[in-house]
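Asker: I'm passing along run33.csv; it holds CSV, C-alpha atoms and all ligand atoms.
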```csv
chain,number,residue,atom,x,y,z
G,1,MET,CA,0.0,0.0,0.0
G,2,THR,CA,1.3,3.4,-0.9
G,3,GLN,CA,2.5,5.4,2.1
G,4,TYR,CA,1.6,9.1,1.7
G,5,ARG,CA,3.4,11.8,3.5
G,6,GLU,CA,1.8,14.4,5.7
G,7,ALA,CA,2.3,18.1,4.8
G,8,TYR,CA,2.1,21.2,6.9
G,9,ILE,CA,-0.3,23.4,5.0
G,10,MET,CA,-2.1,26.7,5.5
G,11,GLU,CA,-4.8,26.1,2.9
G,12,VAL,CA,-5.7,25.0,-0.6
G,13,GLU,CA,-7.0,28.0,-2.5
G,14,ARG,CA,-9.3,27.1,-5.4
G,15,PHE,CA,-9.9,29.3,-8.5
G,16,ALA,CA,-6.7,31.3,-8.1
G,17,ILE,CA,-5.9,33.5,-11.1
G,18,HIS,CA,-2.6,35.2,-10.1
G,19,ASP,CA,-0.4,32.3,-9.5
G,20,GLY,CA,0.4,31.2,-13.0
G,21,PRO,CA,-1.7,30.7,-16.2
G,22,GLY,CA,-5.4,29.9,-16.3
G,23,ILE,CA,-7.5,28.9,-13.4
G,24,ARG,CA,-5.5,27.2,-10.7
G,25,SER,CA,-5.5,25.7,-7.3
G,26,THR,CA,-2.8,27.1,-5.0
G,27,VAL,CA,-1.4,24.9,-2.2
G,28,PHE,CA,0.1,27.0,0.5
G,29,LEU,CA,2.7,25.0,2.4
G,30,GLN,CA,4.1,26.2,5.7
G,31,GLY,CA,7.7,27.0,6.5
G,32,CYS,CA,10.2,29.5,5.1
G,33,PRO,CA,13.9,30.1,5.7
G,34,LEU,CA,13.5,33.9,5.0
G,35,ARG,CA,11.9,36.6,7.1
G,36,CYS,CA,11.2,39.4,4.6
G,37,PRO,CA,9.9,42.4,6.6
G,38,TRP,CA,7.1,42.9,4.0
G,39,CYS,CA,5.9,39.3,4.0
G,40,ALA,CA,2.1,39.2,3.5
G,41,ASN,CA,1.8,35.6,4.8
G,42,PRO,CA,3.5,35.7,8.2
G,43,GLU,CA,1.4,32.7,9.3
G,44,SER,CA,3.2,30.6,6.7
G,45,GLN,CA,6.7,31.2,8.0
G,46,THR,CA,6.7,28.4,10.6
G,47,GLN,CA,5.0,25.0,10.6
G,48,GLY,CA,2.1,24.0,12.8
G,49,PRO,CA,-1.2,25.6,13.9
G,50,HIS,CA,-1.1,29.3,14.8
G,51,LEU,CA,-3.5,31.0,17.1
G,52,MET,CA,-5.0,34.1,15.5
G,53,TYR,CA,-6.9,36.7,17.6
G,54,GLN,CA,-9.1,39.3,15.9
G,55,ALA,CA,-9.6,42.1,18.4
G,56,ARG,CA,-12.5,43.6,16.5
G,57,LYS,CA,-14.6,40.5,16.9
G,58,CYS,CA,-13.8,40.2,20.6
G,59,VAL,CA,-16.8,41.0,22.9
G,60,ARG,CA,-14.4,41.0,26.0
G,61,CYS,CA,-16.3,38.3,27.9
G,62,LEU,CA,-12.9,36.8,29.0
G,63,GLY,CA,-14.3,33.3,28.7
G,64,CYS,CA,-11.0,32.3,27.1
G,65,VAL,CA,-9.1,33.4,30.2
G,66,GLN,CA,-11.2,31.3,32.4
G,67,VAL,CA,-11.1,28.1,30.4
G,68,CYS,CA,-7.5,27.9,29.3
G,69,PRO,CA,-6.2,24.8,31.1
G,70,ILE,CA,-2.6,26.0,31.3
G,71,GLY,CA,-3.1,29.7,32.0
G,72,ALA,CA,-1.8,30.8,28.6
G,73,VAL,CA,-4.5,33.5,28.3
G,74,THR,CA,-4.5,36.4,30.8
G,75,ALA,CA,-6.6,39.6,31.0
G,76,PHE,CA,-5.1,43.0,30.5
G,77,GLU,CA,-7.2,46.1,30.5
G,78,GLY,CA,-10.3,44.0,29.8
G,79,ARG,CA,-8.9,42.2,26.9
G,80,PRO,CA,-7.4,38.7,26.6
G,81,GLN,CA,-3.7,38.3,26.0
G,82,PHE,CA,-2.3,35.1,24.5
G,83,ASP,CA,1.0,33.6,25.4
G,84,ARG,CA,1.6,31.8,22.1
G,85,ASP,CA,4.9,30.2,23.3
G,86,ARG,CA,3.0,28.4,26.0
G,87,CYS,CA,-0.2,27.6,24.1
G,88,ILE,CA,-0.6,23.9,23.4
G,89,GLY,CA,-3.3,24.3,20.7
G,90,CYS,CA,-6.0,22.5,22.6
G,91,GLY,CA,-8.7,24.7,21.1
G,92,THR,CA,-10.7,25.2,24.3
G,93,CYS,CA,-10.6,29.0,24.1
G,94,LYS,CA,-11.9,28.9,20.5
G,95,SER,CA,-14.7,26.6,21.5
G,96,VAL,CA,-16.1,29.0,24.1
G,97,CYS,CA,-15.5,32.3,22.2
G,98,PRO,CA,-18.9,33.8,21.4
G,99,GLY,CA,-17.5,36.4,18.9
G,100,GLY,CA,-15.5,34.1,16.7
G,101,ALA,CA,-12.4,36.1,17.6
G,102,ILE,CA,-10.1,33.1,17.9
G,103,SER,CA,-9.1,30.9,15.0
G,104,TYR,CA,-6.2,28.6,14.0
G,105,ILE,CA,-4.4,28.6,10.8
G,106,GLY,CA,-2.3,25.7,9.7
G,107,SER,CA,-2.9,22.0,9.7
G,108,ARG,CA,-1.4,18.7,8.6
G,109,MET,CA,-2.8,16.9,5.6
G,110,ARG,CA,-1.7,13.8,3.7
G,111,THR,CA,-0.6,14.3,0.1
G,112,ASP,CA,-3.3,12.0,-1.2
G,113,ALA,CA,-6.0,14.1,0.5
G,114,ILE,CA,-4.5,17.3,-1.0
G,115,VAL,CA,-4.6,15.8,-4.4
G,116,GLN,CA,-8.2,14.7,-3.9
G,117,ILE,CA,-9.1,18.4,-3.3
G,118,LEU,CA,-7.1,19.4,-6.4
G,119,SER,CA,-8.8,16.8,-8.6
G,120,ARG,CA,-12.2,18.5,-8.0
G,121,ASP,CA,-11.1,21.3,-10.4
G,122,ALA,CA,-9.3,19.2,-13.0
G,123,ALA,CA,-11.9,20.3,-15.6
G,124,TYR,CA,-11.2,24.0,-14.9
G,125,TYR,CA,-7.5,23.4,-15.3
G,126,ARG,CA,-8.0,21.7,-18.7
G,127,GLU,CA,-10.5,24.2,-20.0
G,128,SER,CA,-8.5,27.3,-18.9
G,129,GLY,CA,-4.9,26.1,-19.4
G,130,GLY,CA,-4.5,26.3,-15.7
G,131,GLY,CA,-3.2,23.9,-13.1
G,132,VAL,CA,-1.7,23.7,-9.6
G,133,THR,CA,0.7,26.1,-7.9
G,134,PHE,CA,2.7,25.4,-4.8
G,135,SER,CA,3.3,28.4,-2.7
G,136,GLY,CA,4.1,29.2,0.9
G,137,GLY,CA,6.1,30.0,2.8
G,138,GLU,CA,8.8,28.4,0.8
G,139,PRO,CA,7.5,25.1,-0.7
G,140,PHE,CA,11.0,23.6,-0.9
G,141,VAL,CA,11.2,23.6,2.9
G,142,GLN,CA,9.1,20.5,2.8
G,143,PHE,CA,10.8,19.0,-0.2
G,144,PRO,CA,9.9,15.3,0.2
G,145,VAL,CA,6.2,16.3,0.5
G,146,LEU,CA,6.5,18.8,-2.4
G,147,TYR,CA,8.2,16.2,-4.6
G,148,GLU,CA,5.4,13.6,-3.9
G,149,LEU,CA,2.8,16.2,-4.7
G,150,LEU,CA,4.5,17.1,-8.0
G,151,VAL,CA,4.7,13.5,-9.0
G,152,LEU,CA,1.0,13.0,-8.2
G,153,CYS,CA,0.1,16.1,-10.2
G,154,ARG,CA,2.2,15.0,-13.1
G,155,GLU,CA,0.5,11.5,-13.1
G,156,ARG,CA,-2.8,13.3,-13.5
G,157,GLY,CA,-1.6,15.6,-16.2
G,158,TYR,CA,-1.9,18.9,-14.3
G,159,HIS,CA,0.3,21.9,-15.2
G,160,THR,CA,2.5,22.7,-12.2
G,161,ALA,CA,4.0,25.9,-10.9
G,162,ILE,CA,6.2,26.7,-7.8
G,163,GLU,CA,6.5,30.1,-6.2
G,164,THR,CA,9.9,30.0,-4.7
G,165,THR,CA,12.5,32.2,-2.9
G,166,GLY,CA,15.1,29.9,-4.4
G,167,ASP,CA,16.7,29.3,-1.0
G,168,THR,CA,17.1,25.5,-1.1
G,169,PRO,CA,19.9,23.0,-1.8
G,170,TRP,CA,20.4,22.8,-5.6
G,171,GLU,CA,19.7,19.1,-5.5
G,172,ASN,CA,16.1,19.7,-4.6
G,173,MET,CA,15.5,22.0,-7.5
G,174,GLU,CA,17.2,19.7,-9.9
G,175,LYS,CA,15.1,16.8,-8.7
G,176,ALA,CA,11.9,18.8,-9.0
G,177,LEU,CA,12.7,20.2,-12.4
G,178,PRO,CA,11.2,17.5,-14.6
G,179,PHE,CA,7.9,17.8,-12.8
G,180,VAL,CA,7.6,21.6,-12.8
G,181,ASP,CA,6.3,23.5,-15.8
G,182,LEU,CA,6.8,27.0,-14.3
G,183,PHE,CA,9.0,28.5,-11.6
G,184,LEU,CA,7.8,31.8,-10.3
G,185,PHE,CA,11.3,32.7,-8.9
G,186,ASP,CA,11.7,35.6,-6.5
G,187,VAL,CA,14.4,38.1,-7.4
G,188,LYS,CA,14.3,40.5,-4.5
G,189,HIS,CA,17.6,42.2,-5.1
G,190,TRP,CA,20.7,42.1,-7.3
G,191,ASN,CA,23.0,42.1,-4.3
G,192,ALA,CA,23.5,38.8,-2.5
G,193,GLY,CA,24.7,40.5,0.7
G,194,TRP,CA,21.5,42.6,0.8
G,195,ILE,CA,19.4,39.5,0.6
G,196,ASP,CA,21.3,38.0,3.5
G,197,ARG,CA,21.0,41.2,5.6
G,198,VAL,CA,17.4,42.1,4.9
G,199,THR,CA,15.7,38.7,4.5
G,200,GLY,CA,17.9,36.4,6.5
G,201,GLY,CA,18.2,34.1,3.5
G,202,ASN,CA,21.2,32.7,1.8
G,203,GLY,CA,21.7,35.3,-1.0
G,204,GLU,CA,24.6,33.5,-2.7
G,205,ARG,CA,22.7,30.2,-2.9
G,206,ILE,CA,19.6,31.9,-4.2
G,207,GLN,CA,21.5,33.6,-7.0
G,208,ALA,CA,23.5,30.5,-7.8
G,209,ASN,CA,20.3,28.5,-8.0
G,210,PHE,CA,18.6,31.1,-10.3
G,211,ALA,CA,21.6,31.1,-12.7
G,212,ARG,CA,21.9,27.3,-12.7
G,213,LEU,CA,18.1,26.7,-13.2
G,214,ALA,CA,18.1,29.3,-16.0
G,215,SER,CA,21.0,27.6,-17.7
G,216,LEU,CA,18.9,24.4,-17.9
G,217,ALA,CA,15.4,25.8,-18.4
G,218,ALA,CA,15.2,29.5,-18.8
G,219,ASP,CA,11.9,29.2,-20.6
G,220,LYS,CA,10.4,27.6,-17.4
G,221,ILE,CA,11.2,30.7,-15.3
G,222,THR,CA,9.3,33.9,-14.6
G,223,ALA,CA,11.3,36.2,-12.3
G,224,ARG,CA,9.2,37.9,-9.7
G,225,ILE,CA,10.3,41.2,-8.3
G,226,PRO,CA,8.6,42.5,-5.1
G,227,VAL,CA,9.0,46.2,-5.4
G,228,ILE,CA,9.3,47.6,-1.9
G,229,PRO,CA,9.7,51.4,-1.1
G,230,GLY,CA,12.8,51.9,1.1
G,231,TYR,CA,14.3,48.6,0.0
G,232,ASN,CA,14.6,48.2,-3.8
G,233,TYR,CA,12.3,50.9,-5.2
G,234,THR,CA,14.9,52.9,-7.0
G,235,GLU,CA,15.8,53.1,-10.7
G,236,ASP,CA,19.3,51.9,-10.0
G,237,ASP,CA,18.2,48.9,-8.1
G,238,LEU,CA,15.6,47.9,-10.6
G,239,ARG,CA,18.0,48.3,-13.5
G,240,ARG,CA,20.5,46.1,-11.8
G,241,ILE,CA,17.8,43.5,-11.1
G,242,PHE,CA,16.6,43.5,-14.7
G,243,ALA,CA,20.2,43.2,-15.9
G,244,LEU,CA,20.8,40.2,-13.6
G,245,ILE,CA,17.7,38.4,-14.8
G,246,ALA,CA,18.5,39.1,-18.5
G,247,SER,CA,22.1,38.0,-18.1
G,248,CYS,CA,20.9,34.6,-17.1
G,249,GLY,CA,18.8,34.3,-20.2
G,250,VAL,CA,15.4,34.6,-18.5
G,251,LYS,CA,12.9,36.5,-20.6
G,252,ARG,CA,9.9,37.1,-18.4
G,253,ALA,CA,9.6,39.2,-15.2
G,254,ASP,CA,6.7,40.3,-13.0
G,255,LEU,CA,6.8,43.4,-10.9
G,256,LEU,CA,4.8,42.9,-7.7
G,257,PRO,CA,3.9,46.3,-6.2
G,258,TYR,CA,4.2,46.5,-2.4
G,259,HIS,CA,0.8,46.0,-0.7
G,260,THR,CA,-0.4,46.0,2.8
G,261,LEU,CA,-3.0,43.3,2.6
G,262,GLY,CA,-1.3,41.1,5.1
G,263,VAL,CA,-0.7,43.8,7.8
G,264,ASP,CA,-3.6,42.8,10.1
G,265,LYS,CA,-2.4,39.2,10.3
G,266,TYR,CA,0.7,40.5,12.2
G,267,SER,CA,-1.4,41.9,15.1
G,268,GLU,CA,-3.7,38.8,14.9
G,269,LEU,CA,-0.6,36.7,15.5
G,270,GLY,CA,0.6,39.0,18.3
G,271,ARG,CA,3.5,40.2,16.2
G,272,LYS,CA,4.7,43.7,15.1
G,273,TYR,CA,4.8,44.8,11.5
G,274,SER,CA,7.8,47.0,10.9
G,275,LEU,CA,6.6,48.6,7.6
G,276,ARG,CA,3.5,50.2,9.0
G,277,SER,CA,4.3,53.6,7.6
G,278,VAL,CA,5.1,52.4,4.1
G,279,LYS,CA,2.4,53.2,1.5
G,280,MET,CA,1.1,50.7,-1.0
G,281,LEU,CA,2.4,51.1,-4.6
G,282,SER,CA,-0.1,51.4,-7.5
G,283,LYS,CA,0.3,49.7,-10.8
G,284,LYS,CA,0.6,53.1,-12.4
G,285,GLU,CA,3.6,54.0,-10.3
G,286,LEU,CA,5.5,51.0,-11.7
G,287,SER,CA,4.4,51.4,-15.3
G,288,GLY,CA,7.6,53.3,-16.2
G,289,TYR,CA,9.7,50.4,-14.9
G,290,ARG,CA,7.8,48.0,-17.1
G,291,ASP,CA,9.0,50.0,-20.1
G,292,MET,CA,12.5,50.0,-18.6
G,293,GLY,CA,12.5,46.2,-18.3
G,294,ARG,CA,11.9,46.1,-22.1
G,295,GLU,CA,15.3,47.8,-22.6
G,296,TYR,CA,16.8,44.6,-21.2
G,297,GLY,CA,14.9,42.4,-23.5
G,298,LEU,CA,12.4,41.4,-20.8
G,299,GLN,CA,8.7,40.9,-21.2
G,300,VAL,CA,7.5,42.6,-18.0
G,301,GLU,CA,4.1,42.4,-16.4
G,302,ILE,CA,2.8,44.2,-13.3
Z,1,LIG,S1,-13.7,34.3,24.5
Z,1,LIG,FE1,-13.6,35.4,22.6
Z,1,LIG,S2,-14.9,37.1,22.8
Z,1,LIG,FE2,-14.5,36.3,24.9
Z,1,LIG,S3,-12.7,37.5,25.6
Z,1,LIG,FE3,-11.9,35.7,24.7
Z,1,LIG,S4,-11.5,36.2,22.5
Z,1,LIG,FE4,-12.9,37.8,23.4
Z,2,LIG,S1,-5.6,26.8,22.5
Z,2,LIG,FE1,-5.8,25.9,24.6
Z,2,LIG,S2,-3.7,26.3,25.5
Z,2,LIG,FE2,-3.9,27.6,23.7
Z,2,LIG,S3,-4.7,29.6,24.6
Z,2,LIG,FE3,-6.5,28.4,23.9
Z,2,LIG,S4,-7.2,27.3,25.7
Z,2,LIG,FE4,-5.1,28.0,26.1
```
Could you render the structure as structure tokens?
Answerer:
Amino acid sequence: MTQYREAYIMEVERFAIHDGPGIRSTVFLQGCPLRCPWCANPESQTQGPHLMYQARKCVRCLGCVQVCPIGAVTAFEGRPQFDRDRCIGCGTCKSVCPGGAISYIGSRMRTDAIVQILSRDAAYYRESGGGVTFSGGEPFVQFPVLYELLVLCRERGYHTAIETTGDTPWENMEKALPFVDLFLFDVKHWNAGWIDRVTGGNGERIQANFARLASLAADKITARIPVIPGYNYTEDDLRRIFALIASCGVKRADLLPYHTLGVDKYSELGRKYSLRSVKMLSKKELSGYRDMGREYGLQVEI
């Protein structure tokens, strides 16, 4: 009997249209070696269930304080405060919460169960030229699981894409390559030292993987550039990033304007968001850079 692995996942999003061509299902896997200050999915950075608390839904009954079996919830100025390091995830507080203010994100699911969900939309993939995208977090963090899912998708004829930071041993990328139709590969900066300093990732490894993957399958790569004011939103930085991408033979790049859609999740997780004063970028503000990318022979989308 086939033994299927268990994955740490956040969710399977159906009918996604921004994670590759056509109509897709996106599997969000948990775990990431990077800590980008602008990350819109902070709940994906580590594996396991995360307790989320939405203050606006809280009616301040303090029932959660009373029921927590280990005293991980205390009251402060009439509101509950959660000690997430002590929380054992028993769910008792959630079960008594009248406002629906407490939730958990993150669970474990076997790969065959994930593929069963994906198979519900197989007709949409076929009709629209879509498929399945693996995102995160960094999908390569759970490489054995990712590989199993890729093989299962290939057996079913689904188009596959991976959104990756590129921060993984080369051997993983090489093994995945035959089963991946599209790599949505982050290029956050041209300077490897900057990547180390700002994101905590391994900049040299990321850049080496990008170049090596491009030498084997440039046509399978779309470079993705998150454009973040105060970090890489200058003409000089973007020119150098375009030059780096083009020098590796990659022809497609997406500019991802900075957005603040994930900001509330930080407070729900009891964390601070350091870019609170940074404003969202509009597509219009990046349109000049799209034209600039063409100077480097790149087909640039925003
Ligand atoms: S049980 Fe729910 S509504 Fe009551 S204090 Fe706790 S979080 Fe707020
Ligand atoms: S999940 Fe359980 S341990 Fe964690 S805060 Fe709620 S009641 Fe306490």
Asker: Counting all atoms listed in the file, which residues of chain G sit at most 7 Å from some atom of ligand LIG 1 (chain Z), and what is each one's closest atom pair with its distance in Å to one decimal, listed by chain and rising residue number, as JSON lines?
Answerer:
```
{"residue": "G:Tyr53", "atom": "CA", "partner": "Z:LIG1", "partner_atom": "S4", "distance": 6.7}
{"residue": "G:Lys57", "atom": "CA", "partner": "Z:LIG1", "partner_atom": "S2", "distance": 6.8}
{"residue": "G:Cys58", "atom": "CA", "partner": "Z:LIG1", "partner_atom": "FE4", "distance": 3.8}
{"residue": "G:Val59", "atom": "CA", "partner": "Z:LIG1", "partner_atom": "S2", "distance": 4.3}
{"residue": "G:Arg60", "atom": "CA", "partner": "Z:LIG1", "partner_atom": "S3", "distance": 3.9}
{"residue": "G:Cys61", "atom": "CA", "partner": "Z:LIG1", "partner_atom": "FE2", "distance": 4.0}
{"residue": "G:Leu62", "atom": "CA", "partner": "Z:LIG1", "partner_atom": "S3", "distance": 3.5}
{"residue": "G:Gly63", "atom": "CA", "partner": "Z:LIG1", "partner_atom": "S1", "distance": 4.4}
{"residue": "G:Cys64", "atom": "CA", "partner": "Z:LIG1", "partner_atom": "S1", "distance": 4.2}
{"residue": "G:Val65", "atom": "CA", "partner": "Z:LIG1", "partner_atom": "FE3", "distance": 6.6}
{"residue": "G:Arg79", "atom": "CA", "partner": "Z:LIG1", "partner_atom": "S3", "distance": 6.2}
{"residue": "G:Pro80", "atom": "CA", "partner": "Z:LIG1", "partner_atom": "S3", "distance": 5.5}
{"residue": "G:Cys93", "atom": "CA", "partner": "Z:LIG1", "partner_atom": "S1", "distance": 6.2}
{"residue": "G:Lys94", "atom": "CA", "partner": "Z:LIG1", "partner_atom": "S1", "distance": 7.0}
{"residue": "G:Val96", "atom": "CA", "partner": "Z:LIG1", "partner_atom": "S1", "distance": 5.8}
{"residue": "G:Cys97", "atom": "CA", "partner": "Z:LIG1", "partner_atom": "S1", "distance": 3.5}
{"residue": "G:Pro98", "atom": "CA", "partner": "Z:LIG1", "partner_atom": "S2", "distance": 5.4}
{"residue": "G:Gly99", "atom": "CA", "partner": "Z:LIG1", "partner_atom": "S2", "distance": 4.7}
{"residue": "G:Gly100", "atom": "CA", "partner": "Z:LIG1", "partner_atom": "FE1", "distance": 6.3}
{"residue": "G:Ala101", "atom": "CA", "partner": "Z:LIG1", "partner_atom": "S4", "distance": 5.0}
{"residue": "G:Ile102", "atom": "CA", "partner": "Z:LIG1", "partner_atom": "S4", "distance": 5.7}
```
Asker: Select all residues near (11.6, 25.9, -11.4) (cut-off 10 Å, inclusive, file coordinates), counting only C-alpha atoms, and output them as a PyMOL selection string.
Answerer: chain G and resi 160-164+166+173-174+176-185+209-210+213-214+216-222
Asker: Calculate how many Å separate CA of Ile225 (chain G) from CA of Tyr124 (chain G), rounding to one decimal.
Answerer: 28.3 Å
Asker: Name the closest residue to ligand LIG 2 (chain Z) among the candidates G:Ile228, G:Val141, G:Val278, G:Leu51; distances are taken between atoms, counting all atoms listed in the file.
Answerer: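 The answer is G:Leu51, which sits nearest to ligand LIG 2 (chain Z).
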Asker: Taking only residues of chain G that have an atom at most 10 Å from an atom of ligand LIG 2 (chain Z), what is each one's shortest atom pair and its distance in Å to one decimal, using all atoms listed in the file, in chain and number order, as JSON lines?
Answerer:
```
{"residue": "G:Pro49", "atom": "CA", "partner": "Z:LIG2", "partner_atom": "S1", "distance": 9.7}
{"residue": "G:His50", "atom": "CA", "partner": "Z:LIG2", "partner_atom": "S1", "distance": 9.3}
{"residue": "G:Leu51", "atom": "CA", "partner": "Z:LIG2", "partner_atom": "S1", "distance": 7.2}
{"residue": "G:Gly63", "atom": "CA", "partner": "Z:LIG2", "partner_atom": "S4", "distance": 9.8}
{"residue": "G:Cys64", "atom": "CA", "partner": "Z:LIG2", "partner_atom": "S4", "distance": 6.4}
{"residue": "G:Val65", "atom": "CA", "partner": "Z:LIG2", "partner_atom": "S4", "distance": 7.8}
{"residue": "G:Gln66", "atom": "CA", "partner": "Z:LIG2", "partner_atom": "S4", "distance": 8.8}
{"residue": "G:Val67", "atom": "CA", "partner": "Z:LIG2", "partner_atom": "S4", "distance": 6.2}
{"residue": "G:Cys68", "atom": "CA", "partner": "Z:LIG2", "partner_atom": "S4", "distance": 3.7}
{"residue": "G:Pro69", "atom": "CA", "partner": "Z:LIG2", "partner_atom": "S4", "distance": 6.0}
{"residue": "G:Ile70", "atom": "CA", "partner": "Z:LIG2", "partner_atom": "S2", "distance": 5.9}
{"residue": "G:Gly71", "atom": "CA", "partner": "Z:LIG2", "partner_atom": "FE4", "distance": 6.5}
{"residue": "G:Ala72", "atom": "CA", "partner": "Z:LIG2", "partner_atom": "FE4", "distance": 5.0}
{"residue": "G:Val73", "atom": "CA", "partner": "Z:LIG2", "partner_atom": "S3", "distance": 5.4}
{"residue": "G:Thr74", "atom": "CA", "partner": "Z:LIG2", "partner_atom": "S3", "distance": 9.2}
{"residue": "G:Pro80", "atom": "CA", "partner": "Z:LIG2", "partner_atom": "S3", "distance": 9.7}
{"residue": "G:Gln81", "atom": "CA", "partner": "Z:LIG2", "partner_atom": "S3", "distance": 8.9}
{"residue": "G:Phe82", "atom": "CA", "partner": "Z:LIG2", "partner_atom": "S3", "distance": 6.0}
{"residue": "G:Asp83", "atom": "CA", "partner": "Z:LIG2", "partner_atom": "S3", "distance": 7.0}
{"residue": "G:Arg84", "atom": "CA", "partner": "Z:LIG2", "partner_atom": "FE2", "distance": 7.1}
{"residue": "G:Asp85", "atom": "CA", "partner": "Z:LIG2", "partner_atom": "FE2", "distance": 9.2}
{"residue": "G:Arg86", "atom": "CA", "partner": "Z:LIG2", "partner_atom": "S2", "distance": 7.0}
{"residue": "G:Cys87", "atom": "CA", "partner": "Z:LIG2", "partner_atom": "FE2", "distance": 3.7}
{"residue": "G:Ile88", "atom": "CA", "partner": "Z:LIG2", "partner_atom": "S2", "distance": 4.4}
{"residue": "G:Gly89", "atom": "CA", "partner": "Z:LIG2", "partner_atom": "S1", "distance": 3.8}
{"residue": "G:Cys90", "atom": "CA", "partner": "Z:LIG2", "partner_atom": "FE1", "distance": 3.9}
{"residue": "G:Gly91", "atom": "CA", "partner": "Z:LIG2", "partner_atom": "S1", "distance": 4.0}
{"residue": "G:Thr92", "atom": "CA", "partner": "Z:LIG2", "partner_atom": "S4", "distance": 4.3}
{"residue": "G:Cys93", "atom": "CA", "partner": "Z:LIG2", "partner_atom": "S4", "distance": 4.1}
{"residue": "G:Lys94", "atom": "CA", "partner": "Z:LIG2", "partner_atom": "FE3", "distance": 6.4}
{"residue": "G:Ser95", "atom": "CA", "partner": "Z:LIG2", "partner_atom": "S4", "distance": 8.6}
{"residue": "G:Val96", "atom": "CA", "partner": "Z:LIG2", "partner_atom": "S4", "distance": 9.2}
{"residue": "G:Cys97", "atom": "CA", "partner": "Z:LIG2", "partner_atom": "FE3", "distance": 10.0}
{"residue": "G:Ile102", "atom": "CA", "partner": "Z:LIG2", "partner_atom": "FE3", "distance": 8.4}
{"residue": "G:Ser103", "atom": "CA", "partner": "Z:LIG2", "partner_atom": "S1", "distance": 9.2}
{"residue": "G:Tyr104", "atom": "CA", "partner": "Z:LIG2", "partner_atom": "S1", "distance": 8.7}
```
Asker: I'd like the contact shell of Asn41 (chain G) - 8 Å cut-off, only C-alpha atoms, skipping same-chain residues fewer than 6 positions apart - returned as an MDAnalysis selection string.
Answerer: chainID G and resid 136:137 262 265
Asker: Using all atoms listed in the file, which of the listed residues (G:Pro169, G:Pro37, G:Gly106, G:Gly131) sits closest to Arg271 (chain G)?
Answerer: G:Pro37
Asker: Of the residues G:Ile206, G:Leu150, G:Ala55, G:Val132, which is the one nearest to Phe15 (chain G), using all atoms listed in the file?
Answerer: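 Closest to Phe15 (chain G), using all atoms listed in the file: G:Val132.
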Asker: Give the answer as one residue: which of G:Ala113, G:Ala223, G:Ala7, G:Leu149 has the shortest atom-to-atom distance to Leu256 (chain G), using only C-alpha atoms?
Answerer: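 Result for the nearest residue to Leu256 (chain G): G:Ala223.
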Asker: What is the CA of Glu138 (chain G)-CA of Leu34 (chain G) distance in Å, reported with one decimal?
Answerer: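 Here the two named atoms are 8.4 Å from each other.
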Asker: If I only have part of region 201-213 of chain G, can you fill in N, CA and C atoms and write it as a PDB file, in the frame of the given file?
Answerer:
```pdb
ATOM      1  N   GLY G 201      17.952  35.254   4.376  1.00  0.00           N
ATOM      2  CA  GLY G 201      18.200  34.100   3.500  1.00  0.00           C
ATOM      3  C   GLY G 201      19.615  33.974   3.078  1.00  0.00           C
ATOM      4  N   ASN G 202      19.874  32.988   2.229  1.00  0.00           N
ATOM      5  CA  ASN G 202      21.200  32.700   1.800  1.00  0.00           C
ATOM      6  C   ASN G 202      21.325  33.296   0.326  1.00  0.00           C
ATOM      7  N   GLY G 203      21.723  34.567   0.236  1.00  0.00           N
ATOM      8  CA  GLY G 203      21.700  35.300  -1.000  1.00  0.00           C
ATOM      9  C   GLY G 203      22.554  34.607  -2.114  1.00  0.00           C
ATOM     10  N   GLU G 204      23.725  34.116  -1.725  1.00  0.00           N
ATOM     11  CA  GLU G 204      24.600  33.500  -2.700  1.00  0.00           C
ATOM     12  C   GLU G 204      23.963  32.224  -3.295  1.00  0.00           C
ATOM     13  N   ARG G 205      23.382  31.443  -2.419  1.00  0.00           N
ATOM     14  CA  ARG G 205      22.700  30.200  -2.900  1.00  0.00           C
ATOM     15  C   ARG G 205      21.556  30.501  -3.774  1.00  0.00           C
ATOM     16  N   ILE G 206      20.769  31.516  -3.395  1.00  0.00           N
ATOM     17  CA  ILE G 206      19.600  31.900  -4.200  1.00  0.00           C
ATOM     18  C   ILE G 206      20.041  32.301  -5.605  1.00  0.00           C
ATOM     19  N   GLN G 207      21.057  33.145  -5.659  1.00  0.00           N
ATOM     20  CA  GLN G 207      21.500  33.600  -7.000  1.00  0.00           C
ATOM     21  C   GLN G 207      22.129  32.514  -7.801  1.00  0.00           C
ATOM     22  N   ALA G 208      22.867  31.633  -7.120  1.00  0.00           N
ATOM     23  CA  ALA G 208      23.500  30.500  -7.800  1.00  0.00           C
ATOM     24  C   ALA G 208      22.384  29.583  -8.390  1.00  0.00           C
ATOM     25  N   ASN G 209      21.356  29.342  -7.594  1.00  0.00           N
ATOM     26  CA  ASN G 209      20.300  28.500  -8.000  1.00  0.00           C
ATOM     27  C   ASN G 209      19.525  29.097  -9.234  1.00  0.00           C
ATOM     28  N   PHE G 210      19.321  30.401  -9.176  1.00  0.00           N
ATOM     29  CA  PHE G 210      18.600  31.100 -10.300  1.00  0.00           C
ATOM     30  C   PHE G 210      19.418  30.913 -11.567  1.00  0.00           C
ATOM     31  N   ALA G 211      20.719  31.171 -11.486  1.00  0.00           N
ATOM     32  CA  ALA G 211      21.600  31.100 -12.700  1.00  0.00           C
ATOM     33  C   ALA G 211      21.614  29.643 -13.216  1.00  0.00           C
ATOM     34  N   ARG G 212      21.720  28.693 -12.304  1.00  0.00           N
ATOM     35  CA  ARG G 212      21.900  27.300 -12.700  1.00  0.00           C
ATOM     36  C   ARG G 212      20.538  26.776 -13.317  1.00  0.00           C
ATOM     37  N   LEU G 213      19.441  27.140 -12.673  1.00  0.00           N
ATOM     38  CA  LEU G 213      18.100  26.700 -13.200  1.00  0.00           C
ATOM     39  C   LEU G 213      17.915  27.359 -14.581  1.00  0.00           C
TER      40      LEU G 213
END
```
